[in-house]
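Here is the file upload-v6.cif (mmCIF, C-alpha atoms, pLDDT in the B column; chains and numbers go by the auth columns).
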data_start
loop_
_atom_site.group_PDB
_atom_site.id
_atom_site.type_symbol
_atom_site.label_atom_id
_atom_site.label_comp_id
_atom_site.label_asym_id
_atom_site.label_seq_id
_atom_site.Cartn_x
_atom_site.Cartn_y
_atom_site.Cartn_z
_atom_site.B_iso_or_equiv
_atom_site.auth_seq_id
_atom_site.auth_asym_id
ATOM 1 C CA MET A 1 0.000 0.000 0.000 47.00 1 A
ATOM 2 C CA HIS A 2 2.923 2.326 0.609 49.00 2 A
ATOM 3 C CA ARG A 3 4.461 1.665 -2.784 47.00 3 A
ATOM 4 C CA PRO A 4 1.466 2.964 -4.862 46.00 4 A
ATOM 5 C CA HIS A 5 1.273 6.034 -2.639 43.00 5 A
ATOM 6 C CA ALA A 6 4.999 6.719 -3.146 40.00 6 A
ATOM 7 C CA LEU A 7 4.651 6.268 -6.911 37.00 7 A
ATOM 8 C CA LEU A 8 1.758 8.742 -6.949 37.00 8 A
ATOM 9 C CA VAL A 9 3.828 11.325 -5.051 39.00 9 A
ATOM 10 C CA VAL A 10 6.819 10.860 -7.391 37.00 10 A
ATOM 11 C CA SER A 11 4.533 11.153 -10.441 36.00 11 A
ATOM 12 C CA LEU A 12 3.023 14.385 -9.109 35.00 12 A
ATOM 13 C CA VAL A 13 6.463 15.894 -8.418 41.00 13 A
ATOM 14 C CA VAL A 14 7.774 14.961 -11.864 40.00 14 A
ATOM 15 C CA GLY A 15 4.580 16.284 -13.456 40.00 15 A
ATOM 16 C CA LEU A 16 4.886 19.598 -11.617 42.00 16 A
ATOM 17 C CA CYS A 17 8.496 19.990 -12.675 49.00 17 A
ATOM 18 C CA ALA A 18 7.571 19.448 -16.331 52.00 18 A
ATOM 19 C CA CYS A 19 4.992 22.268 -16.077 68.00 19 A
ATOM 20 C CA ASP A 20 7.408 24.823 -14.611 73.00 20 A
ATOM 21 C CA PRO A 21 6.705 28.038 -16.593 73.00 21 A
ATOM 22 C CA ARG A 22 10.284 29.222 -15.992 79.00 22 A
ATOM 23 C CA ARG A 23 11.407 26.576 -18.491 78.00 23 A
ATOM 24 C CA ASP A 24 9.614 28.608 -21.158 78.00 24 A
ATOM 25 C CA PHE A 25 11.922 31.562 -20.378 82.00 25 A
ATOM 26 C CA ALA A 26 15.225 29.812 -19.622 85.00 26 A
ATOM 27 C CA GLY A 27 17.660 29.812 -22.501 85.00 27 A
ATOM 28 C CA THR A 28 19.857 31.926 -24.725 87.00 28 A
ATOM 29 C CA TYR A 29 18.225 34.724 -26.712 88.00 29 A
ATOM 30 C CA GLU A 30 19.471 36.808 -29.607 89.00 30 A
ATOM 31 C CA VAL A 31 18.062 40.256 -28.825 90.00 31 A
ATOM 32 C CA SER A 32 17.826 43.509 -30.770 91.00 32 A
ATOM 33 C CA GLY A 33 16.246 46.848 -29.980 92.00 33 A
ATOM 34 C CA LEU A 34 17.255 50.150 -28.437 91.00 34 A
ATOM 35 C CA LEU A 35 19.494 51.210 -25.579 88.00 35 A
ATOM 36 C CA THR A 36 18.616 54.731 -24.473 91.00 36 A
ATOM 37 C CA THR A 37 20.881 56.684 -22.139 88.00 37 A
ATOM 38 C CA ARG A 38 19.936 59.907 -20.374 89.00 38 A
ATOM 39 C CA SER A 39 22.303 62.420 -18.838 85.00 39 A
ATOM 40 C CA GLY A 40 21.966 66.122 -18.135 84.00 40 A
ATOM 41 C CA GLY A 41 18.598 66.445 -19.857 85.00 41 A
ATOM 42 C CA SER A 42 19.702 64.852 -23.123 87.00 42 A
ATOM 43 C CA ALA A 43 18.943 61.382 -24.421 88.00 43 A
ATOM 44 C CA ASN A 44 20.938 59.176 -26.747 88.00 44 A
ATOM 45 C CA ALA A 45 19.365 56.170 -28.505 89.00 45 A
ATOM 46 C CA ILE A 46 21.721 53.439 -29.628 86.00 46 A
ATOM 47 C CA PRO A 47 20.603 50.430 -31.655 88.00 47 A
ATOM 48 C CA VAL A 48 21.386 47.034 -30.133 85.00 48 A
ATOM 49 C CA GLU A 49 21.640 44.288 -32.716 86.00 49 A
ATOM 50 C CA ASN A 50 22.184 40.568 -32.280 85.00 50 A
ATOM 51 C CA ALA A 51 23.285 40.794 -28.637 85.00 51 A
ATOM 52 C CA GLN A 52 23.014 37.750 -26.396 85.00 52 A
ATOM 53 C CA LEU A 53 20.804 37.567 -23.310 86.00 53 A
ATOM 54 C CA VAL A 54 20.941 34.467 -21.111 87.00 54 A
ATOM 55 C CA VAL A 55 18.060 33.576 -18.774 87.00 55 A
ATOM 56 C CA VAL A 56 18.581 30.806 -16.197 87.00 56 A
ATOM 57 C CA ALA A 57 15.884 29.160 -14.037 84.00 57 A
ATOM 58 C CA ASP A 58 16.859 28.707 -10.384 72.00 58 A
ATOM 59 C CA ALA A 59 16.613 25.030 -9.472 73.00 59 A
ATOM 60 C CA LEU A 60 15.908 25.816 -5.806 71.00 60 A
ATOM 61 C CA ASP A 61 13.469 28.734 -5.922 61.00 61 A
ATOM 62 C CA SER A 62 10.220 28.120 -7.760 74.00 62 A
ATOM 63 C CA ASP A 63 9.623 31.670 -8.992 83.00 63 A
ATOM 64 C CA LYS A 64 13.170 32.957 -9.688 88.00 64 A
ATOM 65 C CA LEU A 65 15.005 33.554 -12.964 87.00 65 A
ATOM 66 C CA TYR A 66 18.562 34.885 -13.319 88.00 66 A
ATOM 67 C CA LEU A 67 19.828 37.156 -16.089 86.00 67 A
ATOM 68 C CA ASP A 68 23.398 37.294 -17.380 80.00 68 A
ATOM 69 C CA PHE A 69 24.384 40.646 -15.902 69.00 69 A
ATOM 70 C CA ASP A 70 27.497 40.158 -13.794 67.00 70 A
ATOM 71 C CA CYS A 71 26.149 41.057 -10.355 80.00 71 A
ATOM 72 C CA GLY A 72 23.491 38.372 -10.237 78.00 72 A
ATOM 73 C CA LEU A 73 20.443 40.186 -11.575 85.00 73 A
ATOM 74 C CA SER A 74 17.289 38.192 -10.895 89.00 74 A
ATOM 75 C CA GLY A 75 13.636 38.196 -11.834 90.00 75 A
ATOM 76 C CA THR A 76 10.467 36.943 -10.175 90.00 76 A
ATOM 77 C CA MET A 77 7.721 35.240 -12.153 89.00 77 A
ATOM 78 C CA ASP A 78 4.433 37.192 -12.365 87.00 78 A
ATOM 79 C CA ASP A 79 2.569 34.455 -14.209 87.00 79 A
ATOM 80 C CA ALA A 80 3.272 31.850 -16.893 85.00 80 A
ATOM 81 C CA GLU A 81 3.844 34.573 -19.504 88.00 81 A
ATOM 82 C CA SER A 82 5.830 37.295 -17.681 91.00 82 A
ATOM 83 C CA PHE A 83 8.376 38.168 -14.999 92.00 83 A
ATOM 84 C CA LYS A 84 9.530 41.301 -13.186 95.00 84 A
ATOM 85 C CA VAL A 85 13.217 42.122 -12.785 93.00 85 A
ATOM 86 C CA ASP A 86 14.126 42.555 -9.125 93.00 86 A
ATOM 87 C CA SER A 87 15.587 45.955 -8.173 94.00 87 A
ATOM 88 C CA LYS A 88 19.235 45.749 -7.212 93.00 88 A
ATOM 89 C CA ARG A 89 22.249 47.943 -6.511 94.00 89 A
ATOM 90 C CA CYS A 90 25.359 46.045 -7.535 90.00 90 A
ATOM 91 C CA PRO A 91 28.648 46.260 -5.633 91.00 91 A
ATOM 92 C CA SER A 92 31.007 48.930 -7.003 91.00 92 A
ATOM 93 C CA TYR A 93 34.014 47.837 -9.021 90.00 93 A
ATOM 94 C CA MET A 94 37.047 49.493 -10.625 90.00 94 A
ATOM 95 C CA ASP A 95 37.319 49.825 -14.404 84.00 95 A
ATOM 96 C CA GLU A 96 40.545 51.507 -15.484 84.00 96 A
ATOM 97 C CA ASP A 97 40.733 54.574 -13.171 90.00 97 A
ATOM 98 C CA CYS A 98 37.029 54.807 -12.300 91.00 98 A
ATOM 99 C CA GLU A 99 34.782 53.241 -9.695 94.00 99 A
ATOM 100 C CA ILE A 100 31.483 52.168 -11.300 90.00 100 A
ATOM 101 C CA THR A 101 28.192 51.286 -9.595 93.00 101 A
ATOM 102 C CA TRP A 102 25.156 49.826 -11.386 89.00 102 A
ATOM 103 C CA THR A 103 21.616 50.197 -10.052 94.00 103 A
ATOM 104 C CA PHE A 104 18.751 48.294 -11.672 92.00 104 A
ATOM 105 C CA LYS A 105 15.439 49.945 -10.831 93.00 105 A
ATOM 106 C CA ASP A 106 12.761 48.475 -13.042 92.00 106 A
ATOM 107 C CA GLY A 107 12.394 45.765 -15.614 93.00 107 A
ATOM 108 C CA SER A 108 10.225 43.051 -17.040 94.00 108 A
ATOM 109 C CA GLY A 109 10.134 40.245 -19.539 92.00 109 A
ATOM 110 C CA ARG A 110 7.222 38.623 -21.270 93.00 110 A
ATOM 111 C CA ARG A 111 6.615 36.018 -23.905 88.00 111 A
ATOM 112 C CA VAL A 112 5.094 37.373 -27.124 89.00 112 A
ATOM 113 C CA GLU A 113 4.108 35.986 -30.511 82.00 113 A
ATOM 114 C CA GLU A 114 2.703 32.780 -28.988 77.00 114 A
ATOM 115 C CA GLY A 115 5.824 32.330 -26.859 70.00 115 A
ATOM 116 C CA SER A 116 8.310 32.348 -29.734 77.00 116 A
ATOM 117 C CA LYS A 117 9.892 35.653 -28.644 89.00 117 A
ATOM 118 C CA LEU A 118 10.882 37.449 -25.449 91.00 118 A
ATOM 119 C CA GLU A 119 10.137 41.134 -24.959 94.00 119 A
ATOM 120 C CA PHE A 120 12.615 42.517 -22.409 92.00 120 A
ATOM 121 C CA ASN A 121 12.689 45.977 -20.813 94.00 121 A
ATOM 122 C CA LEU A 122 15.167 47.135 -18.200 92.00 122 A
ATOM 123 C CA SER A 123 16.044 50.513 -16.721 94.00 123 A
ATOM 124 C CA GLY A 124 18.393 51.885 -14.117 93.00 124 A
ATOM 125 C CA SER A 125 21.465 54.044 -13.703 93.00 125 A
ATOM 126 C CA ILE A 126 25.242 53.826 -13.687 90.00 126 A
ATOM 127 C CA GLN A 127 27.289 56.064 -11.421 93.00 127 A
ATOM 128 C CA TRP A 128 31.015 56.626 -11.733 91.00 128 A
ATOM 129 C CA ARG A 129 33.763 58.399 -9.836 94.00 129 A
ATOM 130 C CA CYS A 130 37.238 58.605 -11.339 93.00 130 A
ATOM 131 C CA TYR A 131 40.666 59.306 -9.844 93.00 131 A
ATOM 132 C CA ASP A 132 40.939 62.508 -11.904 93.00 132 A
ATOM 133 C CA GLY A 133 37.931 63.928 -9.997 92.00 133 A
ATOM 134 C CA THR A 134 35.280 63.413 -12.670 91.00 134 A
ATOM 135 C CA ALA A 135 32.027 61.870 -11.559 92.00 135 A
ATOM 136 C CA GLY A 136 28.577 61.456 -12.973 90.00 136 A
ATOM 137 C CA GLN A 137 25.532 59.370 -13.529 91.00 137 A
ATOM 138 C CA VAL A 138 23.877 58.015 -16.672 91.00 138 A
ATOM 139 C CA GLY A 139 20.340 56.647 -16.716 93.00 139 A
ATOM 140 C CA PHE A 140 19.686 53.798 -19.111 91.00 140 A
ATOM 141 C CA ALA A 141 16.756 51.853 -20.546 93.00 141 A
ATOM 142 C CA PHE A 142 16.710 48.802 -22.786 89.00 142 A
ATOM 143 C CA ALA A 143 13.718 47.942 -24.992 94.00 143 A
ATOM 144 C CA LEU A 144 14.590 44.621 -26.621 92.00 144 A
ATOM 145 C CA LEU A 145 12.923 41.799 -28.491 94.00 145 A
ATOM 146 C CA GLY A 146 14.651 38.433 -28.642 91.00 146 A
ATOM 147 C CA THR A 147 14.347 35.088 -30.337 91.00 147 A
ATOM 148 C CA ARG A 148 15.239 32.026 -28.302 88.00 148 A
ATOM 149 C CA GLN A 149 18.336 30.363 -29.728 86.00 149 A
ATOM 150 C CA GLY A 150 18.426 27.368 -27.425 72.00 150 A
ATOM 151 C CA GLU A 151 18.000 26.040 -23.936 68.00 151 A
ATOM 152 C CA LEU A 152 20.660 26.524 -21.313 58.00 152 A
ATOM 153 C CA SER A 153 21.397 24.282 -18.366 44.00 153 A
ATOM 154 C CA GLU A 154 24.096 26.371 -16.686 45.00 154 A
ATOM 155 C CA GLN A 155 24.757 30.088 -16.354 42.00 155 A
ATOM 156 C CA SER A 156 27.374 31.450 -18.731 44.00 156 A
ATOM 157 C CA GLY A 157 30.579 32.733 -17.135 43.00 157 A
ATOM 158 C CA ALA A 158 31.144 35.344 -19.821 44.00 158 A
ATOM 159 C CA GLN A 159 30.474 39.028 -19.237 50.00 159 A
ATOM 160 C CA SER A 160 27.075 40.070 -20.462 63.00 160 A
ATOM 161 C CA ALA A 161 26.974 41.414 -24.024 61.00 161 A
ATOM 162 C CA LEU A 162 24.320 43.880 -22.867 65.00 162 A
ATOM 163 C CA ARG A 163 26.500 45.108 -20.018 67.00 163 A
ATOM 164 C CA SER A 164 29.378 45.515 -22.473 68.00 164 A
ATOM 165 C CA ALA A 165 27.180 47.708 -24.701 66.00 165 A
ATOM 166 C CA LEU A 166 26.299 49.910 -21.734 66.00 166 A
ATOM 167 C CA GLU A 167 29.923 50.233 -20.658 69.00 167 A
ATOM 168 C CA ARG A 168 30.954 51.337 -24.167 66.00 168 A
ATOM 169 C CA GLU A 169 28.312 54.050 -23.925 62.00 169 A
ATOM 170 C CA LEU A 170 29.502 55.005 -20.435 62.00 170 A
ATOM 171 C CA ARG A 171 33.075 55.442 -21.695 63.00 171 A
ATOM 172 C CA SER A 172 31.849 57.955 -24.291 63.00 172 A
ATOM 173 C CA HIS A 173 30.472 60.060 -21.380 56.00 173 A
ATOM 174 C CA LEU A 174 33.779 59.858 -19.496 53.00 174 A
ATOM 175 C CA ARG A 175 35.770 61.410 -22.331 51.00 175 A
#
Represent the structure from my file as structure tokens, please.
Amino acid sequence: MHRPHALLVVSLVVGLCACDPRRDFAGTYEVSGLLTTRSGGSANAIPVENAQLVVVADALDSDKLYLDFDCGLSGTMDDAESFKVDSKRCPSYMDEDCEITWTFKDGSGRRVEEGSKLEFNLSGSIQWRCYDGTAGQVGFAFALLGTRQGELSEQSGAQSALRSALERELRSHLR
């Protein structure tokens, strides 16, 4: 009598895992769209083409997704079709002669076109302070649409292509 009960429990657990909506988001996406930066009342729109975004489902937390920004940016599932990016201030780090701090304030992702694409929006700011006394802040916003290129079982160790695009833009403000 215990064996059928145990088999039922195992079947339910396996069935629930197969229906995990995070699996529909997890993977590698080729994204394109616009990166907009704002500083001192002016805005600059930069096209983003064929960048890579990696989304990883957390095996231990049933509603968490992780994005490939270096400081461990995460998202929380809203429903089977969308997630919200969790706000986060990343630890500061040195790049050349400047200390840089990223703050992610708002963001979301949702499946569109019957789940074949990911619409991804993210905004925040980057602050910097350099040894030569220059300092500043740039606000940023991504509006991207991506096509899933494949599933991913582990998080990539490479620096985010999206973060690299933002840092190139930041360097243009430092000079």
* To do: Quick one: apply the PyMOL selection byres ((chain A and resi 73-75) around 6) to the file and drop the selected residues here as a ChimeraX atom specification.
  => /A:64-67,69,71-72,76,84-86
If you apply the PyMOL selection byres ((chain A and resi 25-31) around 9) to this file, what residues do you get, as an mmCIF file with C-alpha atoms, in the frame of the given file?
data_model
loop_
_atom_site.group_PDB
_atom_site.id
_atom_site.type_symbol
_atom_site.label_atom_id
_atom_site.label_comp_id
_atom_site.auth_asym_id
_atom_site.auth_seq_id
_atom_site.Cartn_x
_atom_site.Cartn_y
_atom_site.Cartn_z
ATOM 1 C CA PRO A 21 6.705 28.038 -16.593
ATOM 2 C CA ARG A 22 10.284 29.222 -15.992
ATOM 3 C CA ARG A 23 11.407 26.576 -18.491
ATOM 4 C CA ASP A 24 9.614 28.608 -21.158
ATOM 5 C CA SER A 32 17.826 43.509 -30.770
ATOM 6 C CA GLY A 33 16.246 46.848 -29.980
ATOM 7 C CA VAL A 48 21.386 47.034 -30.133
ATOM 8 C CA GLU A 49 21.640 44.288 -32.716
ATOM 9 C CA ASN A 50 22.184 40.568 -32.280
ATOM 10 C CA ALA A 51 23.285 40.794 -28.637
ATOM 11 C CA GLN A 52 23.014 37.750 -26.396
ATOM 12 C CA LEU A 53 20.804 37.567 -23.310
ATOM 13 C CA VAL A 54 20.941 34.467 -21.111
ATOM 14 C CA VAL A 55 18.060 33.576 -18.774
ATOM 15 C CA VAL A 56 18.581 30.806 -16.197
ATOM 16 C CA ALA A 57 15.884 29.160 -14.037
ATOM 17 C CA LEU A 65 15.005 33.554 -12.964
ATOM 18 C CA TYR A 66 18.562 34.885 -13.319
ATOM 19 C CA GLU A 81 3.844 34.573 -19.504
ATOM 20 C CA SER A 82 5.830 37.295 -17.681
ATOM 21 C CA GLY A 109 10.134 40.245 -19.539
ATOM 22 C CA ARG A 110 7.222 38.623 -21.270
ATOM 23 C CA ARG A 111 6.615 36.018 -23.905
ATOM 24 C CA GLY A 115 5.824 32.330 -26.859
ATOM 25 C CA LYS A 117 9.892 35.653 -28.644
ATOM 26 C CA LEU A 118 10.882 37.449 -25.449
ATOM 27 C CA GLU A 119 10.137 41.134 -24.959
ATOM 28 C CA PHE A 120 12.615 42.517 -22.409
ATOM 29 C CA LEU A 144 14.590 44.621 -26.621
ATOM 30 C CA LEU A 145 12.923 41.799 -28.491
ATOM 31 C CA GLY A 146 14.651 38.433 -28.642
ATOM 32 C CA THR A 147 14.347 35.088 -30.337
ATOM 33 C CA ARG A 148 15.239 32.026 -28.302
ATOM 34 C CA GLN A 149 18.336 30.363 -29.728
ATOM 35 C CA GLY A 150 18.426 27.368 -27.425
ATOM 36 C CA GLU A 151 18.000 26.040 -23.936
ATOM 37 C CA LEU A 152 20.660 26.524 -21.313
ATOM 38 C CA SER A 153 21.397 24.282 -18.366
#
* To do: With the file shown as input, list the residues that the PyMOL selection byres ((chain A and resi 46) around 7) selects, as a ChimeraX atom specification.
  => /A:34-36,44-45,47-48
3 Å per side around stretch 74-87 of chain A: axis-aligned box centre and edge lengths, as JSON:
{"center_x": 9.9, "center_y": 38.9, "center_z": -13.8, "size_x": 20.7, "size_y": 20.1, "size_z": 17.3}
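Contact shell of A:Thr37 at 6 Å (only C-alpha atoms; same-chain neighbours under 4 positions omitted): Ala43, Asn44, Gly139 and Phe140 of chain A.
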Would you mind exporting the chosen residues as a compact mmCIF listing (two decimals), keeping the file's coordinate frame, restricted to C-alpha atoms?
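Below is the file that was written, part_13.txt:
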# COMPACT_ATOMS: atom_id res chain seq x y z
CA ALA A 43 18.94 61.38 -24.42
CA ASN A 44 20.94 59.18 -26.75
CA GLY A 139 20.34 56.65 -16.72
CA PHE A 140 19.69 53.80 -19.11
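From atom CA of A:Ser123 back to atom CA of A:Gly107, the distance works out to 6.1 Å.
Nearest to A:Val138 of all the residues A:Cys90, A:Ala59, A:Val112, A:Ile100 is A:Ile100, based on only C-alpha atoms.
The gap separating atom CA of A:Ala143 from atom CA of A:Phe83 is 15.0 Å, in Å to one decimal.
Atom pair atom CA of A:Ser116 / atom CA of A:Asp79 has a distance of 16.7 Å (rounded to one decimal).
With distances taken over all atoms listed in the file, A:Asp97 is the one residue among A:Thr103, A:Asp97, A:Glu113, A:Ser108 lying closest to A:Arg129.
Comparing the minimum interatomic distances between A:Tyr93 and each of A:Ala80, A:Ala141, A:Leu60, A:Ile126, counting all atoms listed in the file, we find that A:Ile126 sits nearest.
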Distance query A:Tyr131 at most 12 Å, only C-alpha atoms, self and fewer than 3 positions along chain excluded, as a short mmCIF file (atom, residue, chain, number, x, y, z; two decimals) with C-alpha atoms, keeping the file's coordinate frame:
data_model
loop_
_atom_site.label_atom_id
_atom_site.label_comp_id
_atom_site.auth_asym_id
_atom_site.auth_seq_id
_atom_site.Cartn_x
_atom_site.Cartn_y
_atom_site.Cartn_z
CA MET A 94 37.05 49.49 -10.62
CA ASP A 95 37.32 49.82 -14.40
CA GLU A 96 40.54 51.51 -15.48
CA ASP A 97 40.73 54.57 -13.17
CA CYS A 98 37.03 54.81 -12.30
CA GLU A 99 34.78 53.24 -9.70
CA ILE A 100 31.48 52.17 -11.30
CA TRP A 128 31.02 56.63 -11.73
CA THR A 134 35.28 63.41 -12.67
CA ALA A 135 32.03 61.87 -11.56
CA LEU A 174 33.78 59.86 -19.50
#
* Given all atoms listed in the file as the counted atoms, nearest of A:Ser39, A:Asp20, A:Asp106, A:Asn121 to A:Gln137 -> A:Ser39
